[in-house]
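One structure is given here, and the rest of the page talks about it.
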Amino acid sequence: MSKISKIQISAGIFWLEVPEAELYVLCGCPADSVKHLMKAGKINIFDREVGSLEPGSASFHHPHGPVTSETGPNAILLSDLSVQNGDFANLAEFPVLQMLYRQGMILPDHPNNTGAKPLLIGQRNVVNAQMEYIYRGNYGLTSLEEILETGISQDIAEEMM
């Protein structure tokens, strides 16, 4: 049995997994890649009881019952080309948000919050562009100066902040 497996999910989307290394890579992330991974069974919902990670401590149970989470990728291999066949090739925002929030990587006290972050793999300029895209999508304009650059009045910009 191979230690590395690769399957095609749909056009432009492959799934690479190395279970022994706990590496699950979404290769390519055009539009709707999260939906395609769900349809292919690579993102699944599961519930789990949370036990304490402290040695010798009593078992801890979340006050609201089991913690619901999702499986899925922990890395994304980005395309070197931003546009392929007239479509955007690197739409990593939703896969990264799925990792951070639905898998629980960034949620306080979530059992999947181990300190690991989603891994973006690709050319430096492509990775940097995706990080900026994800940041803007998550936080929007983050300073008074950025808001003023849109042409909005000082009073409204200050109110927005």
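Identifiers in this document derive from the order of the structure tokens: chains are assigned A, B, ..., residues are numbered from 1 separately in each chain, and ligands are numbered from 1 in order of occurrence.
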(request) Write out as a VMD selection string the residues lying within 6 Å of stretch 80-97 of chain A, counting only C-alpha atoms and excluding same-chain residues fewer than 4 positions away. (result) chain A and resid 29 to 30 34 101 134
Dump of N, CA and C atoms for the selected residues, as an mmCIF file, in the first residue's frame:
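Below is the file again-v7.cif, written as the result:
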data_model
loop_
_atom_site.group_PDB
_atom_site.id
_atom_site.type_symbol
_atom_site.label_atom_id
_atom_site.label_comp_id
_atom_site.auth_asym_id
_atom_site.auth_seq_id
_atom_site.Cartn_x
_atom_site.Cartn_y
_atom_site.Cartn_z
ATOM 1 N N CYS A 29 -6.975 25.426 -6.397
ATOM 2 C CA CYS A 29 -8.196 25.862 -5.696
ATOM 3 C C CYS A 29 -8.972 26.869 -6.531
ATOM 4 N N PRO A 30 -9.558 26.372 -7.632
ATOM 5 C CA PRO A 30 -10.463 27.226 -8.389
ATOM 6 C C PRO A 30 -11.758 27.422 -7.601
ATOM 7 N N VAL A 34 -14.055 23.911 -2.128
ATOM 8 C CA VAL A 34 -14.548 23.332 -0.870
ATOM 9 C C VAL A 34 -15.777 22.467 -1.148
ATOM 10 N N TYR A 101 -11.744 27.961 10.627
ATOM 11 C CA TYR A 101 -12.962 28.011 11.437
ATOM 12 C C TYR A 101 -13.714 26.686 11.490
ATOM 13 N N ILE A 134 -6.689 36.924 1.232
ATOM 14 C CA ILE A 134 -7.381 36.324 2.381
ATOM 15 C C ILE A 134 -7.522 37.352 3.502
#
What are the nearest atom pairs, with distances in Å to one decimal, for all residues of stretch 74-132 of chain A that come at most 12 Å from stretch 16-22 of chain A, using only C-alpha atoms, set out by chain and rising residue number as a tab-separated table?
residue	atom	partner	partner_atom	distance
A:Asn74	CA	A:Glu22	CA	8.5
A:Ala75	CA	A:Leu16	CA	9.6
A:Ile76	CA	A:Leu16	CA	9.8
A:Leu77	CA	A:Leu16	CA	9.7
A:Ala116	CA	A:Glu22	CA	11.4
(request) May I have the residues within 12 Å of A:Thr114 as a ChimeraX atom specification, using only C-alpha atoms and disregarding those fewer than 2 positions away in the same chain? (result) /A:53,100,103-112,116-118
(request) Pick out each residue of chain A that DSSP on the backbone tags as strand (DSSP E); I need them as a ChimeraX atom specification. (result) /A:5-10,13-18,23-27,45-48,67-70,75-77,83-84,87-88,119-121
Kindly export the residues of the current selection with N, CA and C atoms, as a compact mmCIF listing (two decimals), in the first residue's frame.
# COMPACT_ATOMS: atom_id res chain seq x y z
N SER A 5 -1.14 9.10 -1.47
CA SER A 5 -2.19 8.87 -2.46
C SER A 5 -2.61 10.19 -3.08
N LYS A 6 -3.01 10.11 -4.34
CA LYS A 6 -3.44 11.28 -5.09
C LYS A 6 -4.67 10.90 -5.89
N ILE A 7 -5.70 11.73 -5.81
CA ILE A 7 -6.88 11.50 -6.64
C ILE A 7 -7.34 12.82 -7.25
N GLN A 8 -7.94 12.71 -8.42
CA GLN A 8 -8.52 13.91 -9.03
C GLN A 8 -9.92 14.08 -8.48
N ILE A 9 -10.20 15.28 -7.96
CA ILE A 9 -11.51 15.60 -7.39
C ILE A 9 -12.43 16.11 -8.49
N SER A 10 -11.94 17.05 -9.27
CA SER A 10 -12.66 17.60 -10.42
C SER A 10 -11.65 18.34 -11.28
N ILE A 13 -8.64 20.30 -9.74
CA ILE A 13 -8.55 20.04 -8.29
C ILE A 13 -8.09 18.60 -8.07
N PHE A 14 -6.97 18.46 -7.36
CA PHE A 14 -6.48 17.15 -6.96
C PHE A 14 -6.34 17.14 -5.44
N TRP A 15 -6.37 15.94 -4.88
CA TRP A 15 -6.22 15.72 -3.44
C TRP A 15 -5.00 14.82 -3.25
N LEU A 16 -4.06 15.29 -2.47
CA LEU A 16 -2.85 14.53 -2.15
C LEU A 16 -2.85 14.31 -0.66
N GLU A 17 -2.66 13.06 -0.24
CA GLU A 17 -2.60 12.83 1.21
C GLU A 17 -1.45 11.91 1.58
N VAL A 18 -0.84 12.26 2.71
CA VAL A 18 0.22 11.48 3.32
C VAL A 18 -0.18 11.31 4.78
N LEU A 23 -0.53 15.07 6.49
CA LEU A 23 -0.52 16.08 5.44
C LEU A 23 -1.63 15.77 4.44
N TYR A 24 -2.53 16.74 4.26
CA TYR A 24 -3.68 16.60 3.36
C TYR A 24 -3.71 17.86 2.50
N VAL A 25 -3.34 17.71 1.22
CA VAL A 25 -3.10 18.86 0.36
C VAL A 25 -4.18 19.00 -0.70
N LEU A 26 -4.77 20.18 -0.75
CA LEU A 26 -5.65 20.57 -1.84
C LEU A 26 -4.75 21.13 -2.92
N CYS A 27 -4.67 20.44 -4.05
CA CYS A 27 -3.81 20.89 -5.15
C CYS A 27 -4.69 21.62 -6.16
N ILE A 45 -18.12 16.13 8.25
CA ILE A 45 -18.48 16.66 9.57
C ILE A 45 -18.37 15.51 10.57
N PHE A 46 -17.82 15.80 11.75
CA PHE A 46 -17.78 14.79 12.80
C PHE A 46 -17.91 15.46 14.16
N ASP A 47 -18.39 14.71 15.13
CA ASP A 47 -18.50 15.17 16.52
C ASP A 47 -17.49 14.40 17.34
N ARG A 48 -16.92 15.09 18.33
CA ARG A 48 -16.01 14.37 19.23
C ARG A 48 -16.09 14.96 20.62
N VAL A 67 -17.92 18.43 20.51
CA VAL A 67 -17.49 19.51 19.63
C VAL A 67 -17.66 19.03 18.19
N THR A 68 -18.40 19.81 17.39
CA THR A 68 -18.59 19.49 15.98
C THR A 68 -17.49 20.16 15.18
N SER A 69 -16.94 19.43 14.25
CA SER A 69 -15.81 19.92 13.47
C SER A 69 -15.88 19.31 12.08
N GLU A 70 -14.94 19.68 11.24
CA GLU A 70 -14.83 19.09 9.91
C GLU A 70 -13.41 18.60 9.68
N ALA A 75 -3.21 21.96 3.85
CA ALA A 75 -2.27 22.65 2.97
C ALA A 75 -2.92 22.86 1.61
N ILE A 76 -2.48 23.91 0.92
CA ILE A 76 -2.97 24.20 -0.43
C ILE A 76 -1.78 24.43 -1.34
N LEU A 77 -1.73 23.68 -2.44
CA LEU A 77 -0.73 23.90 -3.47
C LEU A 77 -1.33 24.85 -4.49
N VAL A 83 -4.60 32.85 -13.63
CA VAL A 83 -5.77 32.63 -14.47
C VAL A 83 -5.47 31.47 -15.41
N GLN A 84 -6.40 30.52 -15.49
CA GLN A 84 -6.26 29.39 -16.40
C GLN A 84 -7.57 29.23 -17.16
N ASP A 87 -10.45 31.48 -16.19
CA ASP A 87 -10.98 31.44 -14.82
C ASP A 87 -9.85 31.64 -13.81
N PHE A 88 -10.20 32.24 -12.67
CA PHE A 88 -9.21 32.39 -11.60
C PHE A 88 -8.82 31.01 -11.09
N LEU A 119 -1.18 25.78 5.47
CA LEU A 119 0.07 25.91 4.73
C LEU A 119 -0.24 26.23 3.28
N LEU A 120 0.25 27.37 2.79
CA LEU A 120 0.12 27.73 1.38
C LEU A 120 1.45 27.43 0.71
N ILE A 121 1.39 26.65 -0.37
CA ILE A 121 2.59 26.21 -1.08
C ILE A 121 2.57 26.79 -2.48
(request) Using DSSP on the backbone coordinates, identify all residues within chain A classified as alpha helix (DSSP H); present the result as a ChimeraX atom specification. (result) /A:33-39,93-97,124-139,144-148,154-160
(request) Would you list the contacts of A:Glu145 as a PyMOL selection string, taking every protein, DNA or RNA residue within 10 Å and counting only C-alpha atoms, but skipping same-chain residues closer than 3 positions in sequence? (result) chain A and resi 141-142+148-150+154+157-158
(request) Just give me the gap between atom CA of A:Pro73 and atom CA of A:Met38 in Å, one decimal is fine. (result) 11.1 Å
(request) Check the smallest atom-to-atom distance from each of A:Gly12, A:Ser2, A:Glu49, A:Gly137 to A:Asp32 using only C-alpha atoms, then report the winner. (result) A:Gly12
